[in-house]
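Structure first, then comments.
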Amino acid sequence: MNDLPDDLASARHEIGELLDRQRFHMAERRLAEVLPNFPDSLELRYFQAIVEWVADHDARAVEILEEVLADEPTYYDARYLLAKVKLDQDEYRQAEEILLGLLADYPESPSLYATYAEVMLRTMHFEKAEALAGEALKRDPDHEGAMNVHVLCGFVNSSNDEQRERLQRLLQEHPDQMQTTIRLVQHLIEQGRHEEAYQLSRELVLADPANESLVELASELRRANHWSMRPLWPLQRFGWAGSIGIWFAAVVLFRSGVLDDTPTLATVLVTVLLIYVVYSWVWPPLLKRLLR
C-alpha cells in the first residue's frame, strides 16, 4: 500500500513538523519516499540539507544548498543554513560573506547578528563578537545564541566571579555549548593566549569533572601557564619555528664576528644558550609531574 502524501503541500507540512520535533531519522525516511515524486521542490531539498547537516554530512549539505540557491538565489532559509554549515566547517570567511549579504537584505534579524557574532567569536575578534551579540539582544533580549556568545566574550575579557557564575550557568543549562567552549579554548591556545585558555578549561572541568580529556587539557594548560615556563614562550607559541628561529639568531650572531673581541661575553652567551636548551628539554616534563 502506497502511503505517500497526496500532494506536495501535505508532504512539506509533514516533514516540516518532523524536523520541528527533531525527528530527523523519520524525516529522512519520509524525504526518501517523497523526493522522487517532487524532485524540483526547493523546500523539500532544503529539508534534505537540514537532515544531512544534522547527520554531520556537511559536504553533502553544502552540495544540496548550492543546488537550491542556484535555482533560487534569494531563498533566505537556504542562505542562512549554508552560513551555519560553513561555520561548522570552520570556513569563516565564506560564512561571513553569506551573513553580510543576508544582513544587507534583513538588517533587523537577531539570528543573523547572533550567528555573525559566533563567527567573530571563533576568529578571536571578541570585541566585535560582543558588539554583534549586543545588537542581536537589542532586537531579541531572549535570543539564546546571542546570550551564549555574550557570556563567553565576557568571560574571556574579564574572568571575575560574576562572569564565572554566568559561564557555569550557561554550561549547565546548555550542554551543547561545551563543544563551542572547547573549540574556543583550542583557538586561544593557537593564538598563544594560555592564560585565558587555562581559565576557560578550569570552568569546563567544573562543569564536567568526570571528563578525563578536559582534566588533562586543564592540567596541560596549567603547566603551560606556570611562571617558570615563561622563558620558553617562543617555543610554546611557535613550536619548531620558534626553536629554529632561536638557533638561527644564535648562529648569525656568532658568525657575524661581533663577539670576536669579547670572548668572555661569547662564552657566557654559549653557556646561557646551552642552559636554555637543557631547560627546555628537562623542565616541562618535570613540572608536569610536580603539578600533578
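How things are named: the first chain in the C-alpha cells is A, the next is B, and so on; residues count from 1 in each chain; ligands count from 1 in the order shown.
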
Could I get the residues of segment 191-217 of chain A with an atom no further than 8 Å from an atom of segment 170-183 of chain A, each paired with its nearest atom pair and that distance in Å to one decimal, using only C-alpha atoms, sorted by chain and residue number, as a Markdown table?
```
| residue | atom | partner | partner_atom | distance |
| --- | --- | --- | --- | --- |
| A:Leu200 | CA | A:Thr181 | CA | 7.6 |
| A:Ser201 | CA | A:Ile182 | CA | 7.6 |
| A:Leu204 | CA | A:Met178 | CA | 7.3 |
| A:Ala207 | CA | A:Leu171 | CA | 6.5 |
```

Same residues, all heavy atoms, saved as a short mmCIF file (atom, residue, chain, number, x, y, z; two decimals), in the first residue's frame:
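The resulting file, out00.cif, is reproduced below:
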```cif
data_model
loop_
_atom_site.label_atom_id
_atom_site.label_comp_id
_atom_site.auth_asym_id
_atom_site.auth_seq_id
_atom_site.Cartn_x
_atom_site.Cartn_y
_atom_site.Cartn_z
N LEU A 200 39.36 29.18 31.01
CA LEU A 200 38.20 28.54 30.40
C LEU A 200 38.20 27.04 30.63
O LEU A 200 37.16 26.43 30.91
CB LEU A 200 38.18 28.82 28.90
CG LEU A 200 37.26 29.92 28.38
CD1 LEU A 200 37.35 30.00 26.86
CD2 LEU A 200 35.82 29.71 28.80
N SER A 201 39.38 26.42 30.55
CA SER A 201 39.46 24.96 30.74
C SER A 201 39.08 24.59 32.17
O SER A 201 38.47 23.54 32.40
CB SER A 201 40.87 24.46 30.41
OG SER A 201 41.82 24.89 31.36
N LEU A 204 35.40 24.42 32.34
CA LEU A 204 34.91 23.21 31.69
C LEU A 204 35.03 22.00 32.62
O LEU A 204 34.13 21.16 32.67
CB LEU A 204 35.71 22.95 30.39
CG LEU A 204 35.39 23.87 29.21
CD1 LEU A 204 36.44 23.74 28.13
CD2 LEU A 204 34.01 23.54 28.64
N ALA A 207 32.34 22.09 35.15
CA ALA A 207 31.04 21.71 34.58
C ALA A 207 30.95 20.21 34.30
O ALA A 207 29.86 19.64 34.35
CB ALA A 207 30.80 22.49 33.29
#
```

Distance query segment 193-198 of chain A at most 10 Å, only C-alpha atoms, self and fewer than 5 positions along chain excluded, as a PyMOL selection string: chain A and resi 155-159+181-182+184-188+203-204+217-226+236-237

Residue neighbourhood Lys138 of chain A, 9 Å, only C-alpha atoms, exclusion window fewer than 4 positions, as a VMD selection string: chain A and resid 110 133 to 134

Per-residue DSSP, segment 36-211 of chain A, filtered to alpha helix (DSSP H), as a PyMOL selection string: chain A and resi 42-54+58-71+76-88+92-105+110-122+126-139+144-157+161-173+177-190+194-207

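You will find atom CA of Leu42 of chain A at 6.1 Å from atom CA of Val68 of chain A.
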
Selection near segment 75-91 of chain A, 8 Å with only C-alpha atoms, sequence-local residues under 5 positions removed, as a ChimeraX atom specification: /A:46,50,53,58,61-62,65,68-69,96,98-99,102,112,115,119

One-decimal distance in Å that lies between atom CA of Phe24 of chain A and atom CA of Tyr106 of chain A: 28.6 Å

Who sits within 8 Å of Ala129 of chain A, only C-alpha atoms, same chain under 5 positions skipped, as a ChimeraX atom specification: /A:116-121,149-150,153

Residues from the last selection, N, CA, C and O atoms, saved as a compact mmCIF listing (two decimals), in the first residue's frame:
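Saved as result.txt:
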```
# COMPACT_ATOMS: atom_id res chain seq x y z
N TYR A 116 26.58 35.84 13.20
CA TYR A 116 27.77 36.61 12.83
C TYR A 116 28.66 36.79 14.07
O TYR A 116 29.90 36.73 13.98
N ALA A 117 28.03 37.00 15.23
CA ALA A 117 28.80 37.12 16.47
C ALA A 117 29.58 35.84 16.76
O ALA A 117 30.72 35.88 17.23
N GLU A 118 28.96 34.69 16.46
CA GLU A 118 29.67 33.42 16.68
C GLU A 118 30.86 33.28 15.74
O GLU A 118 31.91 32.76 16.13
N VAL A 119 30.72 33.75 14.51
CA VAL A 119 31.86 33.74 13.58
C VAL A 119 33.00 34.56 14.16
O VAL A 119 34.17 34.15 14.17
N MET A 120 32.68 35.75 14.67
CA MET A 120 33.71 36.62 15.24
C MET A 120 34.31 36.02 16.51
O MET A 120 35.51 36.16 16.77
N LEU A 121 33.48 35.33 17.28
CA LEU A 121 33.99 34.66 18.49
C LEU A 121 35.03 33.60 18.12
O LEU A 121 36.10 33.52 18.72
N VAL A 149 27.06 33.78 23.24
CA VAL A 149 28.27 34.48 22.78
C VAL A 149 28.63 35.58 23.75
O VAL A 149 29.81 35.79 24.08
N HIS A 150 27.63 36.29 24.24
CA HIS A 150 27.86 37.38 25.18
C HIS A 150 28.54 36.88 26.45
O HIS A 150 29.48 37.51 26.97
N CYS A 153 32.27 35.82 25.60
CA CYS A 153 33.11 37.00 25.40
C CYS A 153 33.38 37.70 26.73
O CYS A 153 34.51 38.12 27.00
```

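Taking atom CA of Thr74 of chain A as the reference point, atom CA of Ala49 of chain A is found at 16.6 Å.
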
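Minimum atom-to-atom distance to Leu206 of chain A, evaluated using only C-alpha atoms, belongs to A:Gln168 out of A:Tyr113, A:Gln168, A:Ile275, A:Val51.
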